[in-house]
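Structure file run_13.csv (CSV, C-alpha atoms and all ligand atoms) follows.
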chain,number,residue,atom,x,y,z
A,1046,MET,CA,84.9,106.1,106.8
A,1047,SER,CA,82.6,105.4,109.7
A,1048,LEU,CA,83.6,102.9,112.3
A,1049,SER,CA,80.7,100.5,111.4
A,1050,VAL,CA,81.8,100.4,107.7
A,1051,LYS,CA,85.3,99.5,108.8
A,1052,GLU,CA,84.1,96.8,111.1
A,1053,ASP,CA,81.9,95.5,108.3
A,1054,LEU,CA,84.9,95.3,106.0
A,1055,LYS,CA,86.9,93.5,108.7
A,1056,ARG,CA,84.2,91.0,109.0
A,1057,LEU,CA,84.1,90.5,105.2
A,1058,VAL,CA,87.8,89.8,105.0
A,1059,GLN,CA,87.5,87.2,107.7
A,1060,GLU,CA,84.7,85.5,105.7
A,1061,ALA,CA,86.8,85.7,102.5
A,1062,VAL,CA,89.7,83.9,104.2
A,1063,GLU,CA,87.3,81.3,105.5
A,1064,SER,CA,86.0,80.8,102.0
A,1065,GLU,CA,89.6,80.1,100.8
A,1066,ARG,CA,90.4,77.8,103.7
A,1067,GLU,CA,90.5,74.6,101.7
A,1068,ARG,CA,92.7,76.1,99.0
A,1069,LEU,CA,95.1,77.7,101.5
A,1070,CYS,CA,95.5,74.4,103.4
A,1071,GLU,CA,96.1,72.6,100.1
A,1072,ILE,CA,98.8,75.2,99.1
A,1073,SER,CA,100.5,74.8,102.6
A,1074,LEU,CA,100.6,71.1,102.1
A,1075,TRP,CA,101.8,71.3,98.6
A,1076,LEU,CA,104.7,73.6,99.5
A,1077,TYR,CA,105.5,71.2,102.4
A,1078,GLU,CA,105.7,68.3,100.0
A,1079,ASN,CA,107.8,70.3,97.5
A,1080,PRO,CA,110.4,72.1,99.5
A,1081,GLU,CA,112.8,74.3,97.5
A,1082,LEU,CA,115.9,76.0,98.8
A,1083,GLY,CA,116.3,79.8,98.7
A,1084,SER,CA,116.7,81.4,95.2
A,1085,GLU,CA,115.4,78.1,93.7
A,1086,GLU,CA,111.8,78.4,94.8
A,1087,PHE,CA,110.6,78.3,91.1
A,1088,LYS,CA,107.6,76.0,91.7
A,1089,ALA,CA,106.5,77.9,94.8
A,1090,ALA,CA,106.7,81.3,93.0
A,1091,GLU,CA,104.9,79.9,90.0
A,1092,LEU,CA,102.1,78.5,92.2
A,1093,LEU,CA,101.7,81.7,94.2
A,1094,THR,CA,101.8,84.1,91.2
A,1095,ARG,CA,99.4,82.0,89.2
A,1096,GLU,CA,97.0,82.0,92.1
A,1097,LEU,CA,97.2,85.8,92.5
A,1098,GLU,CA,96.9,86.4,88.8
A,1099,ASP,CA,93.7,84.3,88.7
A,1100,ARG,CA,92.3,86.5,91.5
A,1101,GLY,CA,92.8,89.7,89.5
A,1102,PHE,CA,96.2,90.8,90.9
A,1103,ARG,CA,98.6,92.5,88.6
A,1104,VAL,CA,101.8,90.4,88.9
A,1105,GLU,CA,105.3,91.3,88.2
A,1106,ARG,CA,107.5,88.1,88.1
A,1107,GLU,CA,111.3,88.0,88.5
A,1108,PHE,CA,110.9,91.1,90.5
A,1109,MET,CA,114.0,93.3,90.9
A,1110,GLY,CA,116.1,90.9,88.9
A,1111,MET,CA,115.5,88.0,91.3
A,1112,PRO,CA,114.1,84.9,89.4
A,1113,THR,CA,111.8,83.7,92.3
A,1114,ALA,CA,110.7,87.1,93.7
A,1115,PHE,CA,107.4,88.7,92.7
A,1116,LEU,CA,105.3,91.8,93.3
A,1117,ALA,CA,101.5,91.3,93.1
A,1118,SER,CA,99.3,94.4,93.4
A,1119,TYR,CA,95.6,95.1,93.6
A,1120,ARG,CA,94.3,98.7,93.4
A,1121,GLY,CA,91.3,100.2,95.2
A,1122,ARG,CA,88.9,103.0,94.2
A,1123,GLY,CA,91.4,105.9,94.3
A,1124,GLU,CA,94.6,107.2,95.7
A,1125,GLY,CA,95.5,106.0,99.2
A,1126,GLY,CA,97.9,104.0,101.3
A,1127,ARG,CA,100.1,101.2,100.0
A,1128,VAL,CA,100.1,98.2,102.3
A,1129,ALA,CA,102.4,95.2,101.7
A,1130,ILE,CA,102.0,91.7,103.0
A,1131,LEU,CA,105.1,89.7,102.7
A,1132,ALA,CA,105.4,86.0,101.6
A,1133,GLU,CA,108.3,83.7,102.2
A,1134,TYR,CA,108.5,80.3,100.7
A,1135,ASP,CA,112.1,79.0,100.9
A,1136,ALA,CA,112.9,75.7,102.7
A,1137,LEU,CA,116.0,74.5,104.5
A,1138,PRO,CA,118.5,71.7,103.5
A,1139,GLY,CA,117.7,68.4,105.1
A,1140,VAL,CA,114.7,69.6,107.2
A,1141,GLY,CA,112.4,70.9,104.4
A,1142,HIS,CA,110.0,73.5,105.7
A,1143,GLY,CA,111.6,73.3,109.1
A,1144,CYS,CA,111.0,77.1,109.5
A,1145,GLY,CA,107.4,76.8,108.4
A,1146,HIS,CA,107.7,79.3,105.5
A,1147,ASN,CA,105.0,77.2,103.6
A,1148,LEU,CA,102.6,78.8,106.1
A,1149,ILE,CA,104.0,82.3,105.6
A,1150,ALA,CA,103.2,82.0,101.9
A,1151,ALA,CA,99.7,80.6,102.5
A,1152,SER,CA,98.8,83.3,105.1
A,1153,ALA,CA,100.1,86.1,102.9
A,1154,LEU,CA,98.2,84.8,99.9
A,1155,GLY,CA,95.0,84.4,101.9
A,1156,ALA,CA,95.3,87.8,103.4
A,1157,GLY,CA,96.0,89.4,100.0
A,1158,ILE,CA,93.1,87.7,98.3
A,1159,ALA,CA,90.7,88.6,101.2
A,1160,VAL,CA,91.7,92.3,101.1
A,1161,SER,CA,91.4,92.4,97.3
A,1162,ARG,CA,87.7,91.4,97.6
A,1163,VAL,CA,86.9,94.6,99.4
A,1164,MET,CA,89.3,96.9,97.5
A,1165,ASP,CA,86.3,98.3,95.6
A,1166,ARG,CA,85.3,99.9,98.9
A,1167,LEU,CA,88.8,101.2,99.8
A,1168,ASP,CA,91.3,103.7,98.5
A,1169,GLY,CA,94.9,102.7,98.0
A,1170,GLU,CA,96.6,99.4,97.1
A,1171,ILE,CA,97.3,96.0,98.6
A,1172,LEU,CA,100.5,94.3,97.7
A,1173,VAL,CA,101.6,90.7,98.2
A,1174,VAL,CA,105.4,90.7,97.9
A,1175,GLY,CA,107.2,87.4,97.2
A,1176,THR,CA,110.5,87.6,99.1
A,1177,PRO,CA,112.7,84.6,98.4
A,1178,ALA,CA,115.7,83.1,100.3
A,1179,GLU,CA,115.1,84.4,103.8
A,1180,GLU,CA,117.3,81.6,105.1
A,1181,GLY,CA,120.1,83.0,103.0
A,1182,HIS,CA,120.7,80.6,100.2
A,1183,GLY,CA,121.8,81.5,96.6
A,1184,PRO,CA,122.0,84.8,94.8
A,1185,SER,CA,118.7,86.1,96.1
A,1186,ALA,CA,119.8,85.5,99.7
A,1187,GLY,CA,118.2,88.1,102.0
A,1188,SER,CA,116.0,89.3,99.2
A,1189,LYS,CA,114.3,91.8,101.5
A,1190,VAL,CA,117.6,93.6,101.9
A,1191,ILE,CA,118.1,93.7,98.1
A,1192,MET,CA,114.6,95.1,97.8
A,1193,ALA,CA,115.4,97.6,100.6
A,1194,GLU,CA,118.5,98.8,98.7
A,1195,LYS,CA,116.5,99.2,95.5
A,1196,GLY,CA,114.0,101.4,97.3
A,1197,LEU,CA,110.9,99.1,97.4
A,1198,TRP,CA,110.0,99.6,101.0
A,1199,ASP,CA,110.4,103.4,100.8
A,1200,SER,CA,107.4,103.3,98.4
A,1201,VAL,CA,105.3,101.3,100.8
A,1202,ASP,CA,103.3,102.8,103.8
A,1203,ALA,CA,103.3,99.7,105.9
A,1204,ALA,CA,104.6,96.1,105.8
A,1205,LEU,CA,103.1,93.1,107.5
A,1206,MET,CA,103.8,89.4,107.8
A,1207,VAL,CA,103.4,86.5,110.2
A,1208,HIS,CA,105.9,83.7,111.0
A,1209,PRO,CA,105.3,80.3,112.5
A,1210,SER,CA,106.4,79.9,116.1
A,1211,THR,CA,105.7,78.0,119.4
A,1212,ARG,CA,103.9,81.1,120.8
A,1213,TRP,CA,101.5,83.8,119.8
A,1214,SER,CA,103.1,87.2,119.9
A,1215,VAL,CA,103.6,90.4,118.0
A,1216,GLY,CA,106.4,93.0,118.0
A,1217,ASN,CA,109.4,90.8,119.0
A,1218,PRO,CA,112.8,92.3,118.4
A,1219,SER,CA,115.5,90.7,116.2
A,1220,LEU,CA,119.3,90.9,116.1
A,1221,GLY,CA,121.3,92.7,113.4
A,1222,ILE,CA,123.9,90.5,112.0
A,1223,TRP,CA,127.2,91.0,110.2
A,1224,THR,CA,129.5,88.2,108.8
A,1225,VAL,CA,133.2,88.5,109.1
A,1226,ARG,CA,135.5,86.3,107.0
A,1227,MET,CA,139.2,86.1,107.8
A,1228,GLU,CA,141.5,84.5,105.2
A,1229,PHE,CA,145.0,83.9,106.6
A,1230,GLU,CA,147.9,83.3,104.3
A,1231,GLY,CA,151.2,81.8,105.6
A,1232,ARG,CA,154.0,79.8,104.0
A,1233,PRO,CA,154.0,76.0,103.7
A,1234,SER,CA,157.0,73.9,104.7
A,1235,HIS,CA,158.0,70.5,106.1
A,1236,ALA,CA,156.5,70.3,109.5
A,1237,ALA,CA,159.4,68.4,111.0
A,1238,ALA,CA,162.4,69.1,108.8
A,1239,SER,CA,161.9,72.8,108.2
A,1240,PRO,CA,159.2,74.3,110.3
A,1241,HIS,CA,161.4,77.4,110.8
A,1242,GLU,CA,160.9,78.2,107.1
A,1243,GLY,CA,157.1,78.1,107.3
A,1244,ILE,CA,154.5,80.5,108.5
A,1245,ASN,CA,151.5,78.7,110.1
A,1246,ALA,CA,148.3,80.2,108.9
A,1247,LEU,CA,146.3,77.8,111.1
A,1248,ASN,CA,148.0,79.2,114.2
A,1249,ALA,CA,147.1,82.7,113.1
A,1250,ALA,CA,143.5,81.6,112.6
A,1251,THR,CA,143.4,79.8,116.0
A,1252,LEU,CA,144.7,83.0,117.7
A,1253,ALA,CA,142.1,85.1,115.9
A,1254,TYR,CA,139.4,82.6,116.9
A,1255,ILE,CA,140.4,82.7,120.6
A,1256,ALA,CA,140.8,86.5,120.6
A,1257,THR,CA,137.4,87.0,119.0
A,1258,HIS,CA,135.8,84.9,121.7
A,1259,MET,CA,137.7,86.8,124.4
A,1260,LEU,CA,135.9,90.0,123.2
A,1261,ARG,CA,132.7,88.7,124.7
A,1262,GLN,CA,133.8,89.3,128.3
A,1263,GLU,CA,133.7,93.0,127.7
A,1264,ALA,CA,130.5,93.1,125.7
A,1265,ARG,CA,127.7,95.4,126.7
A,1266,ARG,CA,125.1,93.2,128.3
A,1267,ASP,CA,122.1,95.3,127.2
A,1268,ALA,CA,123.2,95.0,123.5
A,1269,ASN,CA,122.5,91.2,123.2
A,1270,LEU,CA,125.9,90.5,121.6
A,1271,VAL,CA,126.2,87.1,120.1
A,1272,ILE,CA,129.4,85.9,118.3
A,1273,HIS,CA,129.5,82.5,116.7
A,1274,GLY,CA,132.1,81.1,114.3
A,1275,ILE,CA,134.1,78.3,112.8
A,1276,ILE,CA,137.5,77.6,111.3
A,1277,SER,CA,136.3,76.5,107.9
A,1278,GLU,CA,139.7,75.9,106.2
A,1279,ARG,CA,142.7,74.7,108.3
A,1280,GLY,CA,145.4,73.1,106.3
A,1281,LEU,CA,145.9,70.1,104.1
A,1282,ALA,CA,148.0,67.6,106.0
A,1283,SER,CA,149.5,67.5,109.4
A,1284,ASN,CA,153.0,67.2,108.0
A,1285,ILE,CA,152.8,70.5,106.2
A,1286,ILE,CA,152.8,73.8,107.9
A,1287,PRO,CA,149.4,75.1,106.9
A,1288,GLU,CA,149.6,77.7,104.1
A,1289,ARG,CA,146.0,78.8,104.3
A,1290,ALA,CA,143.3,79.0,107.0
A,1291,VAL,CA,139.9,80.7,107.1
A,1292,CYS,CA,137.7,81.7,109.9
A,1293,GLU,CA,134.0,82.6,109.5
A,1294,PHE,CA,132.1,84.5,112.1
A,1295,GLY,CA,128.6,85.8,112.6
A,1296,VAL,CA,128.4,88.8,114.9
A,1297,ARG,CA,125.0,89.9,116.1
A,1298,SER,CA,123.5,92.5,118.4
A,1299,SER,CA,120.2,94.4,118.9
A,1300,ASP,CA,122.1,97.7,118.7
A,1301,GLU,CA,123.1,98.5,115.2
A,1302,GLU,CA,125.8,101.1,116.1
A,1303,TYR,CA,127.4,98.9,118.7
A,1304,LEU,CA,127.3,96.0,116.3
A,1305,GLU,CA,129.4,98.0,113.9
A,1306,GLU,CA,131.9,98.9,116.6
A,1307,MET,CA,132.2,95.2,117.6
A,1308,VAL,CA,132.7,94.1,114.0
A,1309,GLY,CA,135.6,96.5,114.0
A,1310,LYS,CA,137.0,94.9,117.1
A,1311,VAL,CA,136.6,91.4,115.5
A,1312,GLU,CA,138.6,92.7,112.6
A,1313,ARG,CA,141.3,93.9,114.9
A,1314,CYS,CA,141.6,90.4,116.4
A,1315,ALA,CA,142.3,89.0,112.9
A,1316,GLU,CA,144.9,91.7,112.3
A,1317,GLY,CA,146.5,91.2,115.7
A,1318,ALA,CA,146.7,87.4,115.2
A,1319,ALA,CA,148.2,87.8,111.7
A,1320,LEU,CA,150.8,90.2,113.1
A,1321,ALA,CA,151.8,87.9,115.9
A,1322,MET,CA,152.3,84.9,113.6
A,1323,GLY,CA,153.8,86.9,110.7
A,1324,ALA,CA,151.0,85.8,108.4
A,1325,LYS,CA,148.9,87.9,106.0
A,1326,VAL,CA,145.2,88.3,106.5
A,1327,LYS,CA,142.3,89.5,104.3
A,1328,VAL,CA,139.2,90.4,106.2
A,1329,THR,CA,135.8,90.7,104.5
A,1330,LYS,CA,133.0,92.3,106.6
A,1331,ARG,CA,129.4,92.2,105.4
A,1332,ARG,CA,126.3,93.5,106.9
A,1333,LEU,CA,123.7,90.7,106.5
A,1334,TYR,CA,120.5,91.7,108.2
A,1335,SER,CA,119.6,94.7,110.3
A,1336,ALA,CA,118.0,94.6,113.7
A,1337,LYS,CA,114.2,95.2,113.6
A,1338,LYS,CA,112.9,98.6,114.3
A,1339,LEU,CA,109.7,98.0,116.2
A,1340,ASN,CA,106.6,100.0,115.4
A,1341,GLU,CA,104.3,100.0,118.3
A,1342,PRO,CA,101.1,101.5,116.8
A,1343,LEU,CA,101.3,99.1,113.8
A,1344,SER,CA,102.1,96.1,116.1
A,1345,GLU,CA,99.2,97.1,118.3
A,1346,LEU,CA,96.8,96.8,115.4
A,1347,LEU,CA,98.0,93.3,114.4
A,1348,TRP,CA,98.0,92.3,118.1
A,1349,GLY,CA,94.5,93.6,118.6
A,1350,ASN,CA,93.2,91.7,115.6
A,1351,LEU,CA,94.6,88.5,116.8
A,1352,ARG,CA,92.8,89.2,120.1
A,1353,ILE,CA,89.5,89.8,118.2
A,1354,LEU,CA,90.1,86.4,116.6
A,1355,GLY,CA,90.1,84.9,120.1
A,1356,VAL,CA,93.9,84.2,120.4
A,1357,GLU,CA,95.6,84.7,123.7
A,1358,VAL,CA,98.5,86.8,122.4
A,1359,GLU,CA,101.5,87.6,124.7
A,1360,ASP,CA,101.4,91.1,126.2
A,1361,LEU,CA,102.6,93.4,123.5
A,1362,LYS,CA,104.9,95.6,125.6
A,1363,GLU,CA,106.5,92.4,127.1
A,1364,SER,CA,107.1,91.0,123.6
A,1365,MET,CA,108.7,94.3,122.5
A,1366,ARG,CA,111.0,94.2,125.6
A,1367,GLY,CA,111.9,90.5,125.1
A,1368,ILE,CA,115.3,89.2,124.3
A,1369,PRO,CA,115.9,89.0,120.6
A,1370,LEU,CA,116.9,85.5,119.6
A,1371,ALA,CA,117.6,85.4,115.9
A,1372,SER,CA,117.9,87.6,112.8
A,1373,THR,CA,115.7,88.2,109.8
A,1374,ASP,CA,115.8,90.2,106.6
A,1375,PHE,CA,112.4,91.6,107.8
A,1376,GLY,CA,114.7,93.8,110.0
A,1377,ASP,CA,115.7,95.7,106.9
A,1378,VAL,CA,112.1,96.2,105.9
A,1379,SER,CA,111.4,97.7,109.3
A,1380,ARG,CA,114.2,100.2,108.9
A,1381,ARG,CA,112.6,101.7,105.8
A,1382,THR,CA,108.9,101.7,106.6
A,1383,PRO,CA,106.6,101.0,109.5
A,1384,ALA,CA,106.5,97.2,109.8
A,1385,ALA,CA,105.0,94.6,112.1
A,1386,GLU,CA,105.6,90.8,112.3
A,1387,GLY,CA,103.3,88.5,114.2
A,1388,TYR,CA,104.2,85.0,115.4
A,1389,ILE,CA,101.6,82.3,115.0
A,1390,LYS,CA,101.7,79.2,117.3
A,1391,ILE,CA,101.9,76.0,115.3
A,1392,ALA,CA,103.7,73.8,117.8
A,1393,GLU,CA,104.2,73.4,121.6
A,1394,GLU,CA,107.0,75.1,123.3
A,1395,GLY,CA,110.2,73.0,123.2
A,1396,ILE,CA,109.9,72.0,119.6
A,1397,PRO,CA,112.9,73.7,118.0
A,1398,GLY,CA,112.7,75.8,114.9
A,1399,HIS,CA,114.7,74.5,111.8
A,1400,SER,CA,113.8,70.9,112.7
A,1401,ARG,CA,111.8,68.1,111.1
A,1402,GLU,CA,109.3,68.2,114.0
A,1403,PHE,CA,108.6,71.9,113.3
A,1404,ALA,CA,108.1,71.2,109.6
A,1405,GLN,CA,105.6,68.5,110.5
A,1406,ALA,CA,103.8,70.8,112.8
A,1407,SER,CA,103.1,73.1,109.8
A,1408,ILE,CA,100.7,70.5,108.3
A,1409,THR,CA,98.9,69.5,111.5
A,1410,PRO,CA,95.3,70.8,112.1
A,1411,THR,CA,96.9,73.2,114.7
A,1412,GLY,CA,99.4,74.5,112.2
A,1413,LEU,CA,96.9,75.0,109.4
A,1414,GLU,CA,94.5,76.7,111.8
A,1415,ALA,CA,97.2,79.1,112.9
A,1416,MET,CA,97.9,79.9,109.3
A,1417,ILE,CA,94.2,80.7,108.7
A,1418,ILE,CA,94.1,82.9,111.8
A,1419,GLY,CA,97.3,84.6,110.7
A,1420,ALA,CA,95.8,85.3,107.2
A,1421,LYS,CA,92.7,86.8,108.9
A,1422,ALA,CA,94.7,89.0,111.3
A,1423,LEU,CA,96.9,90.3,108.4
A,1424,ALA,CA,93.8,91.1,106.3
A,1425,MET,CA,92.0,92.8,109.1
A,1426,THR,CA,95.1,94.9,109.9
A,1427,ALA,CA,95.4,95.9,106.2
A,1428,VAL,CA,91.8,97.1,106.4
A,1429,ASP,CA,92.5,99.0,109.6
A,1430,LEU,CA,95.2,100.9,107.6
A,1431,LEU,CA,93.5,101.4,104.3
A,1432,ALA,CA,90.1,102.3,105.7
A,1433,ASP,CA,91.4,104.7,108.3
A,1434,PRO,CA,94.5,106.7,107.1
A,1435,LYS,CA,94.9,108.0,110.7
A,1436,ASN,CA,96.3,104.5,111.6
A,1437,LEU,CA,98.9,104.9,108.8
A,1438,GLU,CA,99.7,108.4,110.0
A,1439,ARG,CA,100.2,107.1,113.6
A,1440,ALA,CA,102.6,104.4,112.4
A,1441,ARG,CA,104.5,106.8,110.2
A,1442,LYS,CA,104.9,109.3,113.1
A,1443,TYR,CA,106.1,106.6,115.4
A,1444,PHE,CA,108.5,105.4,112.7
A,1445,GLN,CA,110.0,108.9,112.3
A,1446,ALA,CA,110.3,109.5,116.0
A,1447,HIS,CA,112.2,106.3,116.8
A,1501,ZN,ZN,114.4,80.1,109.7
A,1502,ZN,ZN,111.8,81.6,109.1
How does this structure look as structure tokens?
Ligand SMILES: [Zn+2]
Ligand SMILES: [Zn+2]
Amino acid sequence: MSLSVKEDLKRLVQEAVESERERLCEISLWLYENPELGSEEFKAAELLTRELEDRGFRVEREFMGMPTAFLASYRGRGEGGRVAILAEYDALPGVGHGCGHNLIAASALGAGIAVSRVMDRLDGEILVVGTPAEEGHGPSAGSKVIMAEKGLWDSVDAALMVHPSTRWSVGNPSLGIWTVRMEFEGRPSHAAASPHEGINALNAATLAYIATHMLRQEARRDANLVIHGIISERGLASNIIPERAVCEFGVRSSDEEYLEEMVGKVERCAEGAALAMGAKVKVTKRRLYSAKKLNEPLSELLWGNLRILGVEVEDLKESMRGIPLASTDFGDVSRRTPAAEGYIKIAEEGIPGHSREFAQASITPTGLEAMIIGAKALAMTAVDLLADPKNLERARKYFQAH
């Protein structure tokens, strides 16, 4: 396909998003006003799938056994690449859309619809994937991981999404995360009359808590290790030697192998503490989300399209080298297929994520404009990939080499 045809299509998808502006803003607002926790996003999933179906997408609801997940697809002229745009639409307890996922949903919807309008001039397929419970609530928690395990992302040539933020950037790393749960079992007894007959599970948990925190001193500084935890069960009354205590930890790092090694050491802290106190312990370790595998060629396309749209995006290489702050199930997508995530600025620096202020920012003119720009950039990047298979090839080669 000639360069001018591709540029023509990229202009058309921008116009298509523009023509949907009002509806996309309405949907962003509606989701804001009707926040639903993860795995319970029934209204959001219904709204989005209905919208996609009305626009000619083939929609599979309750995708992969998850009631609020969906797969919407729109085919082009012939065989070609398969590009997925990911939607999230779960909210948080207390702060509603404090992570701005209402805008992720609207931008994915807008991008999908825009690309579908030019699919008669492209080969391949555009997908809009409804991925619930990113914030980890309910049975569909981390749905992208469930989809990864069931092989969805292996069947996709590239995955794209945008997320609200306080900056414009692409290609930022994320942390892999494991959870470690330690259940200590002791023996109850009268805390004054017969403490010698008891085994204090809370003391074992306290030792394990302290030992786990002491690990941090020896942590590799280039691996961005983060350990955070609580003692979630700690006895029933002060005059009973606690029979049961539970610690819950999150262990995160940008280095997947190192993370596994550290999780092993955290487990050792639990065992050592139990041994010291004569208690029993059961440790449950679970990989939650993987660290992102960055894809430079794909990120460059998304970055370049934001630039075309007049956004001052942070330097790509600098973003890629930046310190990873949080974890996302998009990390697991990026380990299976070339993937790029862009951050769209909806609020000023200093407004914390997961807050009411951030939720409010998602429905301001600035927030809604960022969503529209995000939708355009996603659609333009999908066109770059479908119209020019060399771009997909570059992303795939980079993926295989890293
Ligand atoms: Zn969040
Ligand atoms: Zn989020």
Contact residues around A:Ser1335 with only C-alpha atoms at 7 Å, ignoring same-chain residues under 5 positions, as an NGL selection string: :A and (1220-1222 or 1374 or 1376-1377)
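Residues in contact with A:His1146 at up to 7 Å, not including ones fewer than 3 positions away on its chain and judged by all atoms listed in the file, are Glu1133, Tyr1134, Asp1135, Ala1136, His1142, Ile1149 and Ala1150 of chain A.
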Taking 3 positions as the minimum chain separation for residues in the same chain, which residues sit within 12 Å of A:Glu1341 when counting all atoms listed in the file? Answer as a PyMOL selection string. chain A and resi 1215-1218+1337-1338+1344-1349+1361-1366+1379+1383-1386+1436-1437+1439-1444+1446-1447
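The closest residue to ligand ZN 1502 (chain A), picked from A:Ala1392, A:Val1326, A:Ala1203, A:Leu1137 and counting only C-alpha atoms and all ligand atoms, is A:Leu1137.
If all atoms listed in the file are the atoms counted, then among A:Ala1159, A:Val1328, A:Ala1178, A:Leu1048 the closest residue to ligand ZN 1502 (chain A) is A:Ala1178.
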Let me have all residues with an atom within 8 Å of ligand ZN 1501 (chain A), counting only C-alpha atoms and all ligand atoms, laid out as number ranges by chain. A: 1137, 1143-1146, 1179-1180, 1398-1399
Fewer than 6 positions away in the same chain doesn't count, so skip those; otherwise give me all residues within 10 Å of A:Glu1170, counting all atoms listed in the file, as an MDAnalysis selection string. chainID A and resid 1118:1129 1160:1161 1164 1201 1427 1431
Give the padded box for stretch 1282-1299 of chain A as AutoDock Vina command-line options: axis-aligned, covering all atoms listed in the file, 6 Å on each side, centre and edge lengths in Å to one decimal.
--center_x 136.6 --center_y 80.8 --center_z 111.5 --size_x 44.8 --size_y 39.2 --size_z 26.8
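As for atom CA of A:Thr1373 and atom CA of A:Ala1290, they are spaced 29.2 Å apart.
Atom CA of A:Ala1193 to atom CA of A:Ala1424 spans 23.3 Å [interatomic distance, one decimal].
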Shell of 12 Å around A:Thr1176, all atoms listed in the file, local chain residues under 3 positions omitted, as a ChimeraX atom specification: /A:1083-1086,1089-1090,1093,1106-1109,1111-1117,1129-1135,1146,1149-1150,1153,1173,1179-1181,1185-1193,1197,1206,1373-1375,1378
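Distances from A:Ile1158, A:Leu1260, A:Val1296, A:Val1207 to ligand ZN 1502 (chain A) were compared using all atoms listed in the file, and the smallest one belongs to A:Val1207.
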Provide stretch 1368-1383 of chain A rebuilt to N, CA and C atoms, formatted as an mmCIF file, in the frame of the given file.
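Okay, this is what ended up in selection36.cif:
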data_model
loop_
_atom_site.group_PDB
_atom_site.id
_atom_site.type_symbol
_atom_site.label_atom_id
_atom_site.label_comp_id
_atom_site.auth_asym_id
_atom_site.auth_seq_id
_atom_site.Cartn_x
_atom_site.Cartn_y
_atom_site.Cartn_z
ATOM 1 N N ILE A 1368 113.945 89.354 124.800
ATOM 2 C CA ILE A 1368 115.300 89.200 124.300
ATOM 3 C C ILE A 1368 115.258 88.705 122.853
ATOM 4 N N PRO A 1369 115.931 89.421 121.949
ATOM 5 C CA PRO A 1369 115.900 89.000 120.600
ATOM 6 C C PRO A 1369 116.765 87.733 120.384
ATOM 7 N N LEU A 1370 116.212 86.747 119.663
ATOM 8 C CA LEU A 1370 116.900 85.500 119.600
ATOM 9 C C LEU A 1370 117.608 85.262 118.240
ATOM 10 N N ALA A 1371 116.997 85.730 117.167
ATOM 11 C CA ALA A 1371 117.600 85.400 115.900
ATOM 12 C C ALA A 1371 117.547 86.680 114.982
ATOM 13 N N SER A 1372 117.885 86.495 113.717
ATOM 14 C CA SER A 1372 117.900 87.600 112.800
ATOM 15 C C SER A 1372 117.064 87.299 111.581
ATOM 16 N N THR A 1373 116.541 88.347 110.956
ATOM 17 C CA THR A 1373 115.700 88.200 109.800
ATOM 18 C C THR A 1373 115.869 89.352 108.838
ATOM 19 N N ASP A 1374 115.684 89.108 107.542
ATOM 20 C CA ASP A 1374 115.800 90.200 106.600
ATOM 21 C C ASP A 1374 114.546 91.139 106.699
ATOM 22 N N PHE A 1375 113.548 90.725 107.489
ATOM 23 C CA PHE A 1375 112.400 91.600 107.800
ATOM 24 C C PHE A 1375 112.917 92.839 108.557
ATOM 25 N N GLY A 1376 114.051 92.665 109.272
ATOM 26 C CA GLY A 1376 114.700 93.800 110.000
ATOM 27 C C GLY A 1376 114.951 94.954 109.028
ATOM 28 N N ASP A 1377 115.418 94.629 107.835
ATOM 29 C CA ASP A 1377 115.700 95.700 106.900
ATOM 30 C C ASP A 1377 114.499 96.347 106.305
ATOM 31 N N VAL A 1378 113.398 95.615 106.262
ATOM 32 C CA VAL A 1378 112.100 96.200 105.900
ATOM 33 C C VAL A 1378 111.735 97.248 106.914
ATOM 34 N N SER A 1379 111.856 96.836 108.188
ATOM 35 C CA SER A 1379 111.400 97.700 109.300
ATOM 36 C C SER A 1379 112.217 98.943 109.468
ATOM 37 N N ARG A 1380 113.386 99.004 108.830
ATOM 38 C CA ARG A 1380 114.200 100.200 108.900
ATOM 39 C C ARG A 1380 113.826 101.224 107.835
ATOM 40 N N ARG A 1381 113.005 100.770 106.874
ATOM 41 C CA ARG A 1381 112.600 101.700 105.800
ATOM 42 C C ARG A 1381 111.177 102.121 105.848
ATOM 43 N N THR A 1382 110.338 101.332 106.518
ATOM 44 C CA THR A 1382 108.900 101.700 106.600
ATOM 45 C C THR A 1382 108.311 101.043 107.831
ATOM 46 N N PRO A 1383 107.197 101.589 108.333
ATOM 47 C CA PRO A 1383 106.600 101.000 109.500
ATOM 48 C C PRO A 1383 106.268 99.484 109.173
#
